[in-house]
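Pasted below: work_28.pdb, PDB, C-alpha atoms, pLDDT in the B column.
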MODEL        1
ATOM      1  CA  MET T   1      11.771  50.487 -10.731  1.00 55.00           C
ATOM      2  CA  LYS T   2      14.104  49.773  -7.849  1.00 58.00           C
ATOM      3  CA  GLU T   3      13.148  46.958  -5.475  1.00 60.00           C
ATOM      4  CA  LEU T   4      12.445  48.017  -1.885  1.00 53.00           C
ATOM      5  CA  PHE T   5      14.293  46.313   0.969  1.00 73.00           C
ATOM      6  CA  VAL T   6      11.264  46.646   3.238  1.00 78.00           C
ATOM      7  CA  ASN T   7       7.815  45.221   2.667  1.00 86.00           C
ATOM      8  CA  PRO T   8       5.636  48.211   1.553  1.00 88.00           C
ATOM      9  CA  TYR T   9       2.877  47.281   4.022  1.00 89.00           C
ATOM     10  CA  GLN T  10       5.397  47.249   6.897  1.00 90.00           C
ATOM     11  CA  LYS T  11       6.783  50.598   5.734  1.00 90.00           C
ATOM     12  CA  ILE T  12       3.318  52.179   5.730  1.00 91.00           C
ATOM     13  CA  CYS T  13       2.512  50.690   9.143  1.00 90.00           C
ATOM     14  CA  SER T  14       5.736  51.916  10.723  1.00 92.00           C
ATOM     15  CA  HIS T  15       5.257  55.370   9.187  1.00 92.00           C
ATOM     16  CA  VAL T  16       1.666  55.601  10.470  1.00 92.00           C
ATOM     17  CA  ASP T  17       2.819  54.498  13.940  1.00 92.00           C
ATOM     18  CA  PHE T  18       5.616  57.077  13.911  1.00 93.00           C
ATOM     19  CA  VAL T  19       3.401  59.977  12.847  1.00 91.00           C
ATOM     20  CA  PHE T  20       0.218  59.198  14.812  1.00 92.00           C
ATOM     21  CA  GLY T  21       1.407  57.004  17.696  1.00 90.00           C
ATOM     22  CA  ASN T  22       2.228  53.350  18.393  1.00 91.00           C
ATOM     23  CA  GLY T  23      -0.517  50.876  17.623  1.00 89.00           C
ATOM     24  CA  ILE T  24      -2.518  53.097  15.262  1.00 91.00           C
ATOM     25  CA  SER T  25      -1.501  50.992  12.256  1.00 89.00           C
ATOM     26  CA  SER T  26      -3.295  47.947  13.681  1.00 89.00           C
ATOM     27  CA  SER T  27      -6.508  49.375  12.213  1.00 88.00           C
ATOM     28  CA  LEU T  28      -5.062  48.953   8.678  1.00 89.00           C
ATOM     29  CA  SER T  29      -5.946  45.764   6.873  1.00 86.00           C
ATOM     30  CA  SER T  30      -3.164  43.813   5.189  1.00 83.00           C
ATOM     31  CA  ASN T  31      -4.750  44.143   1.730  1.00 87.00           C
ATOM     32  CA  ILE T  32      -4.314  47.873   1.173  1.00 90.00           C
ATOM     33  CA  ASP T  33      -3.742  49.279  -2.293  1.00 91.00           C
ATOM     34  CA  ILE T  34      -0.486  51.185  -2.723  1.00 91.00           C
ATOM     35  CA  GLU T  35       0.190  53.820  -5.375  1.00 92.00           C
ATOM     36  CA  TYR T  36       3.804  54.443  -6.335  1.00 91.00           C
ATOM     37  CA  SER T  37       5.397  57.526  -7.863  1.00 89.00           C
ATOM     38  CA  LYS T  38       6.249  57.033 -11.532  1.00 91.00           C
ATOM     39  CA  LYS T  39       9.399  59.169 -11.245  1.00 91.00           C
ATOM     40  CA  THR T  40      10.955  57.926  -8.020  1.00 87.00           C
ATOM     41  CA  GLY T  41       9.244  54.605  -7.378  1.00 86.00           C
ATOM     42  CA  LYS T  42       8.477  55.616  -3.780  1.00 88.00           C
ATOM     43  CA  ILE T  43       5.139  55.064  -2.098  1.00 90.00           C
ATOM     44  CA  LYS T  44       2.856  57.974  -2.933  1.00 92.00           C
ATOM     45  CA  SER T  45      -0.465  57.062  -1.313  1.00 93.00           C
ATOM     46  CA  PHE T  46      -2.369  54.123   0.139  1.00 93.00           C
ATOM     47  CA  SER T  47      -6.028  53.165   0.090  1.00 93.00           C
ATOM     48  CA  ALA T  48      -8.415  50.394   1.067  1.00 91.00           C
ATOM     49  CA  ASN T  49     -11.631  49.265  -0.610  1.00 88.00           C
ATOM     50  CA  GLY T  50     -11.130  51.890  -3.297  1.00 90.00           C
ATOM     51  CA  LYS T  51     -11.115  54.733  -0.737  1.00 92.00           C
ATOM     52  CA  LEU T  52      -7.988  56.817  -0.144  1.00 93.00           C
ATOM     53  CA  ILE T  53      -6.620  56.623   3.414  1.00 93.00           C
ATOM     54  CA  GLY T  54      -3.641  58.931   3.164  1.00 93.00           C
ATOM     55  CA  THR T  55      -0.901  60.435   1.045  1.00 93.00           C
ATOM     56  CA  PHE T  56       2.748  60.749   2.017  1.00 93.00           C
ATOM     57  CA  ARG T  57       3.829  64.388   2.175  1.00 91.00           C
ATOM     58  CA  THR T  58       7.300  65.576   1.242  1.00 88.00           C
ATOM     59  CA  ASP T  59       7.965  66.738   4.825  1.00 87.00           C
ATOM     60  CA  GLY T  60       7.483  63.198   6.179  1.00 85.00           C
ATOM     61  CA  GLY T  61       3.895  63.601   7.331  1.00 88.00           C
ATOM     62  CA  ILE T  62       0.788  61.839   6.131  1.00 91.00           C
ATOM     63  CA  ALA T  63      -2.086  63.835   4.648  1.00 92.00           C
ATOM     64  CA  LEU T  64      -5.154  62.028   5.977  1.00 93.00           C
ATOM     65  CA  THR T  65      -8.542  61.824   4.347  1.00 93.00           C
ATOM     66  CA  ILE T  66     -11.827  61.652   6.230  1.00 93.00           C
ATOM     67  CA  TYR T  67     -11.981  57.935   5.510  1.00 93.00           C
ATOM     68  CA  GLY T  68      -8.454  57.464   6.889  1.00 92.00           C
ATOM     69  CA  ALA T  69      -9.235  59.454  10.034  1.00 93.00           C
ATOM     70  CA  THR T  70     -12.411  57.416  10.563  1.00 92.00           C
ATOM     71  CA  LEU T  71     -10.397  54.232  10.182  1.00 93.00           C
ATOM     72  CA  PHE T  72      -7.715  55.345  12.651  1.00 93.00           C
ATOM     73  CA  LEU T  73     -10.297  56.652  15.145  1.00 91.00           C
ATOM     74  CA  LYS T  74     -11.130  53.024  15.949  1.00 90.00           C
ATOM     75  CA  GLU T  75      -7.917  53.055  17.995  1.00 90.00           C
ATOM     76  CA  SER T  76      -8.432  55.041  21.207  1.00 88.00           C
ATOM     77  CA  GLN T  77      -4.856  56.362  21.129  1.00 91.00           C
ATOM     78  CA  PHE T  78      -5.638  58.283  17.918  1.00 92.00           C
ATOM     79  CA  LEU T  79      -7.651  60.751  20.021  1.00 91.00           C
ATOM     80  CA  GLN T  80      -4.294  62.350  20.907  1.00 92.00           C
ATOM     81  CA  ASN T  81      -4.187  63.554  17.259  1.00 91.00           C
ATOM     82  CA  CYS T  82      -7.684  65.060  17.380  1.00 92.00           C
ATOM     83  CA  ILE T  83      -9.111  68.490  18.112  1.00 93.00           C
ATOM     84  CA  VAL T  84     -12.620  69.134  19.447  1.00 92.00           C
ATOM     85  CA  PRO T  85     -14.159  72.518  18.521  1.00 92.00           C
ATOM     86  CA  ILE T  86     -16.859  74.362  20.464  1.00 91.00           C
ATOM     87  CA  GLU T  87     -20.441  73.698  19.338  1.00 91.00           C
ATOM     88  CA  ASP T  88     -20.771  77.071  17.567  1.00 90.00           C
ATOM     89  CA  ALA T  89     -17.874  76.231  15.223  1.00 90.00           C
ATOM     90  CA  VAL T  90     -19.047  72.734  14.227  1.00 91.00           C
ATOM     91  CA  PRO T  91     -21.145  73.768  11.166  1.00 91.00           C
ATOM     92  CA  PHE T  92     -18.337  75.907   9.751  1.00 91.00           C
ATOM     93  CA  VAL T  93     -15.638  73.291  10.260  1.00 92.00           C
ATOM     94  CA  SER T  94     -17.742  70.539   8.694  1.00 91.00           C
ATOM     95  CA  GLU T  95     -18.181  72.768   5.611  1.00 91.00           C
ATOM     96  CA  GLY T  96     -14.393  72.932   5.241  1.00 89.00           C
ATOM     97  CA  ARG T  97     -13.679  76.330   6.770  1.00 92.00           C
ATOM     98  CA  SER T  98     -10.655  76.957   8.977  1.00 92.00           C
ATOM     99  CA  LEU T  99     -10.816  76.408  12.730  1.00 92.00           C
ATOM    100  CA  PHE T 100      -9.740  79.372  14.843  1.00 91.00           C
ATOM    101  CA  VAL T 101      -7.749  78.965  18.050  1.00 89.00           C
ATOM    102  CA  LYS T 102     -10.432  80.562  20.210  1.00 87.00           C
ATOM    103  CA  HIS T 103     -12.946  77.942  19.009  1.00 89.00           C
ATOM    104  CA  VAL T 104     -10.922  74.947  20.244  1.00 89.00           C
ATOM    105  CA  LEU T 105     -12.463  73.192  23.216  1.00 89.00           C
ATOM    106  CA  HIS T 106      -9.977  70.314  23.557  1.00 90.00           C
ATOM    107  CA  CYS T 107      -6.744  69.354  21.829  1.00 90.00           C
ATOM    108  CA  GLY T 108      -4.847  66.066  21.904  1.00 89.00           C
ATOM    109  CA  SER T 109      -1.289  66.015  23.208  1.00 89.00           C
ATOM    110  CA  ASN T 110       0.184  64.643  19.951  1.00 90.00           C
ATOM    111  CA  VAL T 111      -0.813  67.745  17.940  1.00 90.00           C
ATOM    112  CA  ARG T 112       2.268  69.563  16.676  1.00 90.00           C
ATOM    113  CA  CYS T 113       2.886  72.494  14.386  1.00 90.00           C
ATOM    114  CA  GLY T 114       2.336  71.233  10.835  1.00 89.00           C
ATOM    115  CA  SER T 115       0.908  67.864  11.847  1.00 90.00           C
ATOM    116  CA  ASP T 116      -2.242  66.427  10.349  1.00 93.00           C
ATOM    117  CA  VAL T 117      -5.187  66.348  12.730  1.00 94.00           C
ATOM    118  CA  ALA T 118      -8.749  65.103  12.756  1.00 94.00           C
ATOM    119  CA  ILE T 119     -11.469  67.473  13.914  1.00 94.00           C
ATOM    120  CA  ILE T 120     -14.093  65.544  15.877  1.00 93.00           C
ATOM    121  CA  ASN T 121     -17.219  66.494  17.786  1.00 91.00           C
ATOM    122  CA  LYS T 122     -17.960  65.552  21.393  1.00 90.00           C
ATOM    123  CA  ASP T 123     -19.480  62.251  20.228  1.00 90.00           C
ATOM    124  CA  GLN T 124     -16.150  61.342  18.557  1.00 89.00           C
ATOM    125  CA  SER T 125     -17.371  61.417  14.979  1.00 91.00           C
ATOM    126  CA  ILE T 126     -15.211  63.001  12.291  1.00 93.00           C
ATOM    127  CA  LEU T 127     -16.116  66.519  11.146  1.00 93.00           C
ATOM    128  CA  ALA T 128     -13.028  67.359   9.097  1.00 94.00           C
ATOM    129  CA  VAL T 129      -9.328  66.759   8.590  1.00 94.00           C
ATOM    130  CA  GLY T 130      -6.663  69.392   8.300  1.00 94.00           C
ATOM    131  CA  ARG T 131      -3.236  70.631   9.238  1.00 94.00           C
ATOM    132  CA  SER T 132      -2.496  72.232  12.593  1.00 92.00           C
ATOM    133  CA  LEU T 133      -0.678  75.545  12.416  1.00 92.00           C
ATOM    134  CA  LEU T 134       0.150  75.586  16.143  1.00 89.00           C
ATOM    135  CA  PRO T 135       1.429  73.037  18.682  1.00 87.00           C
ATOM    136  CA  PHE T 136      -0.611  71.463  21.487  1.00 86.00           C
ATOM    137  CA  ASN T 137       0.353  73.933  24.218  1.00 83.00           C
ATOM    138  CA  TYR T 138      -1.121  76.881  22.282  1.00 80.00           C
ATOM    139  CA  TYR T 139      -4.546  75.263  22.382  1.00 77.00           C
ATOM    140  CA  SER T 140      -4.414  73.877  25.899  1.00 67.00           C
ATOM    141  CA  ASN T 141      -5.591  75.855  28.867  1.00 54.00           C
ATOM    142  CA  GLY T 142      -2.680  74.748  31.039  1.00 43.00           C
ATOM    143  CA  ASP T 143      -0.172  77.125  29.452  1.00 40.00           C
ATOM    144  CA  LYS T 144       0.839  79.761  32.014  1.00 38.00           C
ATOM    145  CA  GLU T 145       2.648  82.029  29.552  1.00 40.00           C
ATOM    146  CA  TRP T 146      -0.516  83.055  27.708  1.00 40.00           C
ATOM    147  CA  GLU T 147      -3.457  84.928  29.159  1.00 46.00           C
ATOM    148  CA  LEU T 148      -6.578  82.847  29.564  1.00 46.00           C
ATOM    149  CA  SER T 149     -10.133  84.059  29.161  1.00 49.00           C
ATOM    150  CA  SER T 150     -12.800  83.444  31.795  1.00 49.00           C
ATOM    151  CA  SER T 151     -13.812  80.278  29.918  1.00 54.00           C
ATOM    152  CA  GLY T 152     -10.273  78.894  30.238  1.00 54.00           C
ATOM    153  CA  ARG T 153      -9.426  79.091  26.520  1.00 52.00           C
ATOM    154  CA  SER T 154      -6.327  80.739  25.121  1.00 52.00           C
ATOM    155  CA  GLN T 155      -6.422  84.385  24.032  1.00 62.00           C
ATOM    156  CA  ILE T 156      -4.159  83.693  21.041  1.00 70.00           C
ATOM    157  CA  ARG T 157      -5.943  84.843  17.912  1.00 78.00           C
ATOM    158  CA  GLY T 158      -5.953  83.497  14.394  1.00 86.00           C
ATOM    159  CA  ILE T 159      -6.313  80.269  12.499  1.00 91.00           C
ATOM    160  CA  GLY T 160      -5.360  77.158  14.438  1.00 90.00           C
ATOM    161  CA  VAL T 161      -6.191  74.454  11.888  1.00 92.00           C
ATOM    162  CA  LYS T 162      -6.275  74.833   8.131  1.00 94.00           C
ATOM    163  CA  ILE T 163      -9.038  72.445   7.093  1.00 93.00           C
ATOM    164  CA  ARG T 164      -8.335  70.311   4.018  1.00 92.00           C
ATOM    165  CA  GLU T 165     -11.644  68.472   3.819  1.00 90.00           C
ATOM    166  CA  GLY T 166     -14.909  68.710   5.740  1.00 88.00           C
ATOM    167  CA  ILE T 167     -17.691  66.127   5.777  1.00 88.00           C
ATOM    168  CA  LYS T 168     -20.164  68.530   4.123  1.00 82.00           C
ATOM    169  CA  SER T 169     -17.659  69.865   1.581  1.00 67.00           C
ATOM    170  CA  ARG T 170     -17.214  66.449  -0.067  1.00 58.00           C
ATOM    171  CA  THR T 171     -18.844  65.901  -3.422  1.00 52.00           C
ATOM    172  CA  ALA T 172     -18.793  62.093  -3.222  1.00 47.00           C
TER     173      ALA T 172
ENDMDL
END
Can you present the structure in this file as structure tokens?
Amino acid sequence: MKELFVNPYQKICSHVDFVFGNGISSSLSSNIDIEYSKKTGKIKSFSANGKLIGTFRTDGGIALTIYGATLFLKESQFLQNCIVPIEDAVPFVSEGRSLFVKHVLHCGSNVRCGSDVAIINKDQSILAVGRSLLPFNYYSNGDKEWELSSSGRSQIRGIGVKIREGIKSRTA
């Protein structure tokens, strides 16, 4: 296996800061476990205390787990990567079902098309993690190009977040 020029912990921290925002990596402890790819020798995933935090995706993103999102939520800036659904959608999202655009109450400004997001309730506890299919301005009610309903939410239809894991869908 080829030796890395950068300390693996520093690489993970800089990658987390790049994807989720500066300072988010400060919630990572220095004794994280790193799994490497057997073929390439690159970092594949990282965990702490035997619980997976995230996996590096081939497109440069990080696929978060619920544990990883809970860990990063300790930093207030991570809220810019979170989406809050309306109360009626909370049971479905926590079961691992997709979140529709019309059920989004609030969306953080760091949400981009294809980025990993945490779905939280109003009390800021994690409901699910998934991948956003639309950028921030599609969810926000400040977009003038799209028609808004009387409640101020976007009239765009369809799935907004493809949920990977919900808190009730976990078997562990």
Residues selected by the PyMOL selection byres ((chain T and resi 29) around 12), written as a short mmCIF file (atom, residue, chain, number, x, y, z; two decimals) with C-alpha atoms, in the frame of the given file:
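What ended up in selection.cif:
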data_model
loop_
_atom_site.label_atom_id
_atom_site.label_comp_id
_atom_site.auth_asym_id
_atom_site.auth_seq_id
_atom_site.Cartn_x
_atom_site.Cartn_y
_atom_site.Cartn_z
CA TYR T 9 2.88 47.28 4.02
CA GLN T 10 5.40 47.25 6.90
CA ILE T 12 3.32 52.18 5.73
CA CYS T 13 2.51 50.69 9.14
CA ILE T 24 -2.52 53.10 15.26
CA SER T 25 -1.50 50.99 12.26
CA SER T 26 -3.30 47.95 13.68
CA SER T 27 -6.51 49.38 12.21
CA LEU T 28 -5.06 48.95 8.68
CA SER T 30 -3.16 43.81 5.19
CA ASN T 31 -4.75 44.14 1.73
CA ILE T 32 -4.31 47.87 1.17
CA ASP T 33 -3.74 49.28 -2.29
CA PHE T 46 -2.37 54.12 0.14
CA SER T 47 -6.03 53.16 0.09
CA ALA T 48 -8.41 50.39 1.07
CA ASN T 49 -11.63 49.26 -0.61
CA ILE T 53 -6.62 56.62 3.41
CA GLY T 68 -8.45 57.46 6.89
CA LEU T 71 -10.40 54.23 10.18
CA PHE T 72 -7.72 55.34 12.65
#
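Run against this file, the PyMOL selection byres ((chain T and resi 115-122) around 7) gives back Gly61, Ile62, Ala63, Leu64, Ala69, Asn81, Cys82, Ile83, Val84, Pro85, Val111, Arg112, Cys113, Gly114, Asp123, Gln124, Ser125, Ile126, Leu127, Ala128, Val129, Gly130, Arg131 and Ser132 of chain T.
Remark: for Gly96 of chain T, the closest of the candidate residues T:Leu73, T:Ile156, T:Ile66, T:Ile34 is T:Ile66 (distances computed over all atoms listed in the file).
Closest approach to Leu79 of chain T from the set T:Leu133, T:Cys107, T:Val6, T:Ile163 is made by T:Cys107, with distances taken over all atoms listed in the file.
Counting all atoms listed in the file, the residue from T:Thr70, T:Val90, T:Lys38, T:Asn137 that sits nearest to Leu52 of chain T is T:Thr70.
Going from atom CA of Lys74 of chain T to atom CA of Gly23 of chain T covers 11.0 Å.
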Find the distance between atom CA of Glu95 of chain T and atom CA of Lys168 of chain T and write it in Å to one decimal. 4.9 Å
